[in-house]
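So the structure is just underneath, and the comments pick up after that.
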Amino acid sequence: MIKFLIKGLLRDRSRSLLPLIVVAIGVMLAVFMRGYINGIMVDMIEQTARFNTGHVKVMTKAYAENIDQIPNDLAIMGASELQAGLEEAFPDIKWVSRIKFGGLIDVPDDNGETRSQGPSLGIGLDLFSGSSGEIERLNLSRSLVRGTIPDTAGEILLSEEFSEKLKVSPGEEVTLIGSTMNGSMAIYNFIVSGTVRFGNTSLDRGSVIADISDVQKALDMYDSAGEILGFFPGGYYSDEKADPVMAEFNEDFVTENDEFSPVMLRLRDQEGLGLFVNLAGSMGAIVTFVFMVAMSLVLWNAGLLGGLRRYGEIGIRLAIGEEKGHVYRSMITESLMIGMAGTIIGTAFGLSLSWLLQTYGLDISEFTKNATTGIMMPNIVRARITPPDFYIGFIPGVISTVAGTMLSGIGIYKRKTSQLFKELEA
Amino acid sequence: MKTFASIILFALATAATAQPSADEIIDRVDRNMSSENRIFESTMTIQGKRGTRVITSKSYTAGDKKSFTEYLSPPREQGIKMLKLEDQLWIYSPSTDRTIQISGHMLRQSVMGSDLSYEDMMEDRKLTDLYSARVTGRETIDGRETWVLELNARVEDIAYSKRKIWIDTERYVPLKEELYARSGQLLKRSTMSDVIRVDGRWFPTTVVYKDMLKQGDGTEFKVTAIKFNQAIPDYIFSKAALKQ
Amino acid sequence: MKLAIKLAFKNLIGAGLRTWLNVIVLSFSFVMIIAAKGILVGWDRQAKKDMADWEIAGGQYWNANYDPYDAFTLTEAHSVIPGQFKDEIERGDMVPVLITQGTIYPEGRMQSILIKGIDPGQSLLELPTGRLDTAAGALPAIIGSNMARANRLSKGDYVTIRWRDANGTFDAAEILITDIFTTNVPTVDVGQVWIALDSLQSMVLMPGEATILTFRDQENREAGVGDWKLMTYKSLVSEVDEMIKTKSVGQSIFYIILLILALLAIFDTQVLSIFRRQKEIGTYVALGYTRKEVVLLFTVEGAMHAVLAAVTGAIYGIPLLVWLANKGISLGMSSAEFGFTMADTMYPVYSGSLIIGTTLLVMIATTIVSYWPSRRIAKMNPTEALRGKLQ
């Protein structure tokens, strides 16, 4: 029976192709939509995570308490050992060390005396190892305005506006005057390798980025880091992932009553992001729900249409004596197959689209005339694939299609055999 | 009224001990403490949250206006030189081969993480030019008799509008100093001790600076060797000397 | 045309469930587009309103040296308030603010802050400056909730602040926190302390001086008055504009997809109608309709989905949207973290142009999708069509 129906479906394109395409397109849109909505919903959170909070962040207790002051005197000492420990305990999580710092950037003239200077905020990141992913994480390549990203020791990136203010170009030397971990004066020379745009007025005014090894040298923070950030695989925060990590961390790494013991904060615990995490979840759910309802209605309608399309054919089948129930069942089986096939195809396409949008992102800077790409404003829309994307398409795809066919098929029972030939004559 | 009160006070004070006027006391202190020039080595102990740091340095000063300091240890600070000429301050760092002028808001930063700002170090005008001083009483500090001098600013461009100095009545060295805000709030306190006699002068070799608004134990500054009236070549006080 | 509309309407209603499914989906597009855009417009307005209420009013004059992103410029960024503003200030239509750098010492920790002086009697801005008049042993001061949280300060706390006057002389005083206000505008909250203007002026020896003059009314403002430069309302809110623009692009992809979905359903319906109703088409032609007219009839029929959707959307959408607009959408987060003004609760705003624009957009899109399959009619052979032969 099923073999026969499949043959029928394959041979009669009008019976299968159009409904299949409609189901597939519908499911594809639904799956893609969900990924997209999830993507933009968490984008703001993830932006903060990438630049600031990580999905989890490890600091010393004292540093965490005074974090607004960037208290590098309270930084984690023995950071590489701690990072290695974290990597061993949580191998799935990408751990990166960072140092935030403040200082003056001083530009020398030919005699080595101050030509211009300005206050700056800096971040030391792992740019050199090649395995940290920080360049991609902070969208550095695309935010580059002039020059290149530092790739050898002693190079530094300046925010473009800052470099204009200081009248310094890539290739020139600048001196960072800051304070070391101990509070001594730190003086360190850097070569400007390039300039970047942050897309945030205050950061654009005076920010610098250098490799963490240089910052450690400059600020006498050997093997120290202000913060160790952890990023979950797949690139998205969730409490389900963070909670067990935090529990295990608290057990294995934390020493009670020690000001300098490392502590872990989840993204949710930082900067009032917790409520935003909740909001993103519920907004995503609402939008998904609305979309799924819409999708179901559309496919229901498609099922109805599919039934109507075959009005004549059903007539003939009834006329030559096929039992009504049999016709009805075969139609439902067919629609089930079409629904399944369409859903699978649609889900595959939808997931591929989402995956493309998740992996490569869509640059929307073309559409936002004034806004320019920067570290804080990536202007890239990304989707996010979550496990439900793999099965959520089946609700509208199969159930609605079948329901539509069932409804339209009711007509079969209403048709009178006596009228069939009259209809067929036409 | 104010003058009247101070006259009474002065009269009382003179009656009691035949004490010199405040300006005379400051003058005596100046004569005791300052010299044509001096060379000294010192250690600075800075209390940090994670333990203490000791920085040693060697300084050359000539009069009030010129001074040159070279840091000797720890290794990270070694070779950093600081030159002060009149109201200008340069720092040279050997690792970067840069001479940086410290100016503007940079002067308000702390020196090497201590409770002392560059600005505090820079003040070289004579106290008697800046403040009108009067003796307000006598106190005993660590068994030493002192005069308590209150100095009120008489010029405008000055960081602290009031100072109180406790001066040893016998040796003419300050044993304690307090710096006040215009509102009268105590901002900084330094206490001097370990007074020694060098070349006929009394000299306090230990000073503890403390920023009174901040937590912490302050910064201890200890002179480990001092020589007065040495022959210091002039080139020491030039920017060229920074790079050597 | 009237007949075409009548016919189209009857045909649609006659199709029953199929029509209503399409209409409901299409109405979703209507409501979602209006709601989503409304939220953005509401957000934009709210953010700007908050900025105006708390910080910028109708615009500002800045001292030429003032740079809000560089606190070191503050030592230079003050001058005597021009005499021509005297009346305006007395009327309460202009509020001068003097800003100076300082240090606060909560629990012996040091933190750089801005000390801002403002007239306690002002009513132009929502800052609870009335609380600065409170007579107390210490200097009364008000701070924002984010400042309070970061420095662990509460109402009634005494804390020392230190500053330097115009001559560079240190000064320090105890302030008494007389009020903590909650605002969505971090630039009047984070890292700053508000005290009475005349107190600050005498504390820093800058009598009659200010850094910023905020005014109620932007009409007829000179671009520069002495060393004061005009900052228009528009230039002060430009960051909000930029953010909203970015958000709206991300958002539009969402409802474009929803609209495509609805249009897909209508397209499907139209294809089937034309396929199934060839006899009807043949009859129309036989009755003397030109093919163009028949195409029009079917197009109108398809486009009428949009009309019905607008009506349906209105039935459940208006109560929903009104409810949303009144209740707002609570974000429950602090704006301070994002560095720009952002309300915790967004109240959507639906403008007439938004509703009309959305209706037109959906109508036009639906008409195009309805017209497209109908073109086939024009190619039909009427006699064949009349016989219902497949073509």
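As shown in the structure tokens, the chain order sets the letters A, B, ...; within each chain, residues go from 1, and ligands are also counted from 1 in the order they appear.
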* To do: Identify, on the basis of only C-alpha atoms, every residue whose closest approach to C:Pro373 does not exceed 12 Å; exclude the query and any residue fewer than 3 positions from it along the same chain; express the result as an MDAnalysis selection string.
  => chainID C and resid 264 266:275 295:296 298:299 302 366:370 376:379
* So which residues touch stretch 30-45 of chain B within 9 Å, counting only C-alpha atoms, skipping near sequence neighbours fewer than 5 positions away, as a ChimeraX atom specification? -> /B:25,52-64,114,126,171-173,200-203,205,218-232
Could you produce a table of the residues of chain B lying within 7 Å of chain C, with the nearest pair of atoms per residue and their separation in Å rounded to one decimal, using only C-alpha atoms, ordered by chain and increasing residue number, as a tab-separated table?
residue	atom	partner	partner_atom	distance
B:Glu156	CA	C:Asn167	CA	6.1
B:Asp157	CA	C:Asn167	CA	4.7
B:Ile158	CA	C:Thr169	CA	5.2
B:Ala159	CA	C:Thr169	CA	3.9
B:Tyr160	CA	C:Thr169	CA	5.5
B:Ser161	CA	C:Thr169	CA	6.6
B:Ala181	CA	C:Asp171	CA	4.2
B:Arg182	CA	C:Asp171	CA	5.0
B:Ser183	CA	C:Asp171	CA	6.0
B:Gln185	CA	C:Ala172	CA	6.0
B:Leu213	CA	C:Gly108	CA	6.0
B:Lys214	CA	C:Gly108	CA	4.5
B:Gln215	CA	C:Gly108	CA	4.8
* Between atom CA of C:Thr246 and atom CA of C:Ile39, distance in Å (one decimal) -> 14.1 Å
* B:Gly113 surroundings by only C-alpha atoms, 8 Å radius, close-in-sequence under 6 positions cut, as a list of chain:residue names ->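 Once the nearby chain positions are removed, what remains is A:Ser179, A:Asn182, A:Gly183, A:Ser184, A:Met185, B:Ile46.
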Once you have the residues from the selection above, write them out as a PDB file, in the first residue's frame, restricted to N, CA, C and O atoms.
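To be explicit, this is the file written out as selection-v2.pdb:
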ATOM      1  N   SER A 179      50.348  52.352  35.726  1.00  0.00           N
ATOM      2  CA  SER A 179      50.916  51.951  36.987  1.00  0.00           C
ATOM      3  C   SER A 179      50.975  50.441  37.041  1.00  0.00           C
ATOM      4  O   SER A 179      50.124  49.745  36.501  1.00  0.00           O
ATOM      5  N   ASN A 182      52.007  46.816  41.375  1.00  0.00           N
ATOM      6  CA  ASN A 182      52.369  47.277  42.714  1.00  0.00           C
ATOM      7  C   ASN A 182      52.115  48.752  42.910  1.00  0.00           C
ATOM      8  O   ASN A 182      52.387  49.284  43.982  1.00  0.00           O
ATOM      9  N   GLY A 183      51.713  49.420  41.864  1.00  0.00           N
ATOM     10  CA  GLY A 183      51.482  50.841  42.002  1.00  0.00           C
ATOM     11  C   GLY A 183      52.662  51.680  41.556  1.00  0.00           C
ATOM     12  O   GLY A 183      52.600  52.899  41.593  1.00  0.00           O
ATOM     13  N   SER A 184      53.758  51.051  41.159  1.00  0.00           N
ATOM     14  CA  SER A 184      54.874  51.828  40.631  1.00  0.00           C
ATOM     15  C   SER A 184      54.514  52.398  39.276  1.00  0.00           C
ATOM     16  O   SER A 184      53.558  51.975  38.652  1.00  0.00           O
ATOM     17  N   MET A 185      55.306  53.331  38.847  1.00  0.00           N
ATOM     18  CA  MET A 185      55.057  53.873  37.534  1.00  0.00           C
ATOM     19  C   MET A 185      55.517  52.872  36.479  1.00  0.00           C
ATOM     20  O   MET A 185      56.610  52.313  36.567  1.00  0.00           O
TER      21      MET A 185
ATOM     22  N   ILE B  46      56.554  50.785  50.946  1.00  0.00           N
ATOM     23  CA  ILE B  46      55.171  51.047  50.578  1.00  0.00           C
ATOM     24  C   ILE B  46      54.320  49.857  50.967  1.00  0.00           C
ATOM     25  O   ILE B  46      54.611  48.723  50.609  1.00  0.00           O
TER      26      ILE B  46
END
* For chain B, which residues have at least one atom within 12 Å of chain A, if we go by only C-alpha atoms? Write them as a PyMOL selection string, please. -> chain B and resi 44-55+71+74-78+80-82+90-106+109-118+239-240+243
* Asked: Could you pull out all residues of stretch 125-243 of chain A with a DSSP call of strand (DSSP E or B) and give them as a PyMOL selection string?
  -> chain A and resi 125+144-147+155-159+173-179+185-196+207-211+224-225+227-231
Please write the residues from the selection above to a file, keeping C-alpha atoms, as an mmCIF file, in the first residue's frame.
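File written: selection.cif
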data_model
loop_
_atom_site.group_PDB
_atom_site.id
_atom_site.type_symbol
_atom_site.label_atom_id
_atom_site.label_comp_id
_atom_site.auth_asym_id
_atom_site.auth_seq_id
_atom_site.Cartn_x
_atom_site.Cartn_y
_atom_site.Cartn_z
ATOM 1 C CA LEU A 125 44.235 40.038 25.174
ATOM 2 C CA LEU A 144 40.356 47.626 11.789
ATOM 3 C CA VAL A 145 40.529 51.060 10.232
ATOM 4 C CA ARG A 146 44.224 51.333 9.432
ATOM 5 C CA GLY A 147 47.226 49.058 9.743
ATOM 6 C CA GLU A 155 52.679 46.247 19.088
ATOM 7 C CA ILE A 156 49.493 48.021 20.054
ATOM 8 C CA LEU A 157 46.164 48.987 18.529
ATOM 9 C CA LEU A 158 44.705 52.417 19.171
ATOM 10 C CA SER A 159 41.125 53.463 18.648
ATOM 11 C CA GLU A 173 56.060 54.645 18.542
ATOM 12 C CA VAL A 174 53.964 55.499 21.579
ATOM 13 C CA THR A 175 54.706 55.126 25.268
ATOM 14 C CA LEU A 176 52.250 53.779 27.772
ATOM 15 C CA ILE A 177 52.561 55.406 31.167
ATOM 16 C CA GLY A 178 50.537 53.517 33.666
ATOM 17 C CA SER A 179 50.916 51.951 36.987
ATOM 18 C CA MET A 185 55.057 53.873 37.534
ATOM 19 C CA ALA A 186 55.019 51.733 34.427
ATOM 20 C CA ILE A 187 56.586 53.078 31.267
ATOM 21 C CA TYR A 188 56.547 50.926 28.189
ATOM 22 C CA ASN A 189 57.052 51.527 24.496
ATOM 23 C CA PHE A 190 54.733 50.191 21.864
ATOM 24 C CA ILE A 191 54.669 50.445 18.102
ATOM 25 C CA VAL A 192 51.233 51.330 16.800
ATOM 26 C CA SER A 193 50.338 48.461 14.495
ATOM 27 C CA GLY A 194 46.931 49.764 13.534
ATOM 28 C CA THR A 195 43.759 51.519 14.552
ATOM 29 C CA VAL A 196 40.303 50.148 15.267
ATOM 30 C CA SER A 207 41.223 52.933 24.002
ATOM 31 C CA VAL A 208 44.132 50.658 23.307
ATOM 32 C CA ILE A 209 44.435 46.926 22.745
ATOM 33 C CA ALA A 210 47.637 44.944 23.055
ATOM 34 C CA ASP A 211 48.686 41.369 23.501
ATOM 35 C CA SER A 224 49.058 37.697 36.326
ATOM 36 C CA ALA A 225 45.715 38.496 34.805
ATOM 37 C CA GLU A 227 40.238 38.274 34.666
ATOM 38 C CA ILE A 228 40.009 34.819 33.159
ATOM 39 C CA LEU A 229 36.971 34.581 30.938
ATOM 40 C CA GLY A 230 35.318 31.322 29.981
ATOM 41 C CA PHE A 231 33.333 30.914 26.781
#
* Tell me which protein, DNA and RNA residues are within 7 Å of B:Ala153, counting only C-alpha atoms, leaving out same-chain ones fewer than 2 positions away, and put them as a list in words. =>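 The residues satisfying every condition are Leu130, Tyr131, Ser132, Leu151, Val155, Ser161 and Lys162 of chain B.
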Filtering to N, CA, C and O atoms, could you give me those residues as an mmCIF file, in the first residue's frame?
data_model
loop_
_atom_site.group_PDB
_atom_site.id
_atom_site.type_symbol
_atom_site.label_atom_id
_atom_site.label_comp_id
_atom_site.auth_asym_id
_atom_site.auth_seq_id
_atom_site.Cartn_x
_atom_site.Cartn_y
_atom_site.Cartn_z
ATOM 1 N N LEU B 130 54.954 81.201 51.891
ATOM 2 C CA LEU B 130 53.619 80.725 51.553
ATOM 3 C C LEU B 130 52.622 80.876 52.681
ATOM 4 O O LEU B 130 51.437 81.055 52.455
ATOM 5 N N TYR B 131 53.128 80.755 53.873
ATOM 6 C CA TYR B 131 52.211 80.699 55.011
ATOM 7 C C TYR B 131 52.592 81.756 56.045
ATOM 8 O O TYR B 131 53.758 82.116 56.194
ATOM 9 N N SER B 132 51.592 82.211 56.734
ATOM 10 C CA SER B 132 51.892 82.989 57.920
ATOM 11 C C SER B 132 51.777 82.034 59.100
ATOM 12 O O SER B 132 50.785 81.322 59.249
ATOM 13 N N LEU B 151 50.273 76.970 60.394
ATOM 14 C CA LEU B 151 50.609 77.785 59.234
ATOM 15 C C LEU B 151 49.360 77.963 58.384
ATOM 16 O O LEU B 151 48.722 76.980 57.994
ATOM 17 N N VAL B 155 49.210 82.824 50.282
ATOM 18 C CA VAL B 155 49.139 82.932 48.823
ATOM 19 C C VAL B 155 47.996 82.021 48.386
ATOM 20 O O VAL B 155 47.501 81.203 49.150
ATOM 21 N N SER B 161 45.793 74.523 52.439
ATOM 22 C CA SER B 161 45.598 75.879 52.943
ATOM 23 C C SER B 161 46.043 76.007 54.392
ATOM 24 O O SER B 161 46.216 77.098 54.889
ATOM 25 N N LYS B 162 46.230 74.887 55.063
ATOM 26 C CA LYS B 162 46.695 74.976 56.445
ATOM 27 C C LYS B 162 47.616 73.801 56.752
ATOM 28 O O LYS B 162 47.379 72.680 56.277
#
* Just the residues within 9 Å of A:Ser202, please, counting only C-alpha atoms, with nothing from its chain fewer than 5 positions along; format it as a ChimeraX atom specification. => /A:207 /C:68-70
Can you write out the residues you just picked, keeping N, CA, C and O atoms, as a tab-separated table (two decimals), in the first residue's frame?
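This is the output file again31.tsv:
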chain	number	residue	atom	x	y	z
A	207	SER	N	41.06	54.32	23.60
A	207	SER	CA	41.22	52.93	24.00
A	207	SER	C	42.40	52.32	23.27
A	207	SER	O	42.71	52.71	22.16
C	68	PRO	N	32.66	65.80	27.60
C	68	PRO	CA	32.12	64.87	28.60
C	68	PRO	C	32.93	63.57	28.69
C	68	PRO	O	32.80	62.84	29.66
C	69	TYR	N	33.75	63.29	27.68
C	69	TYR	CA	34.50	62.04	27.72
C	69	TYR	C	35.91	62.21	28.25
C	69	TYR	O	36.68	61.28	28.28
C	70	ASP	N	36.27	63.41	28.61
C	70	ASP	CA	37.61	63.63	29.12
C	70	ASP	C	37.53	64.51	30.37
C	70	ASP	O	37.44	65.73	30.29
* Just list the residues in stretch 161-303 of chain A DSSP gives helix (DSSP H, G or I) on the backbone, as a ChimeraX atom specification. => /A:161-166,201-205,212-218,233-235,239-252,267-269,273-303
* Just give me the gap between atom CA of C:Val225 and atom CA of C:Leu125 in Å, one decimal is fine. =>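 Value for the atom CA of C:Val225-atom CA of C:Leu125 distance: 22.6 Å.
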* **Contacts of A:Thr343 at 6 Å (only C-alpha atoms; same-chain gap of 6+ positions) as a PyMOL selection string** => chain A and resi 24+27+394+397
* **Å distance separating atom CA of C:Ala265 from atom CA of C:Met304, one decimal place** =>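 Interatomic distance here is 13.8 Å.
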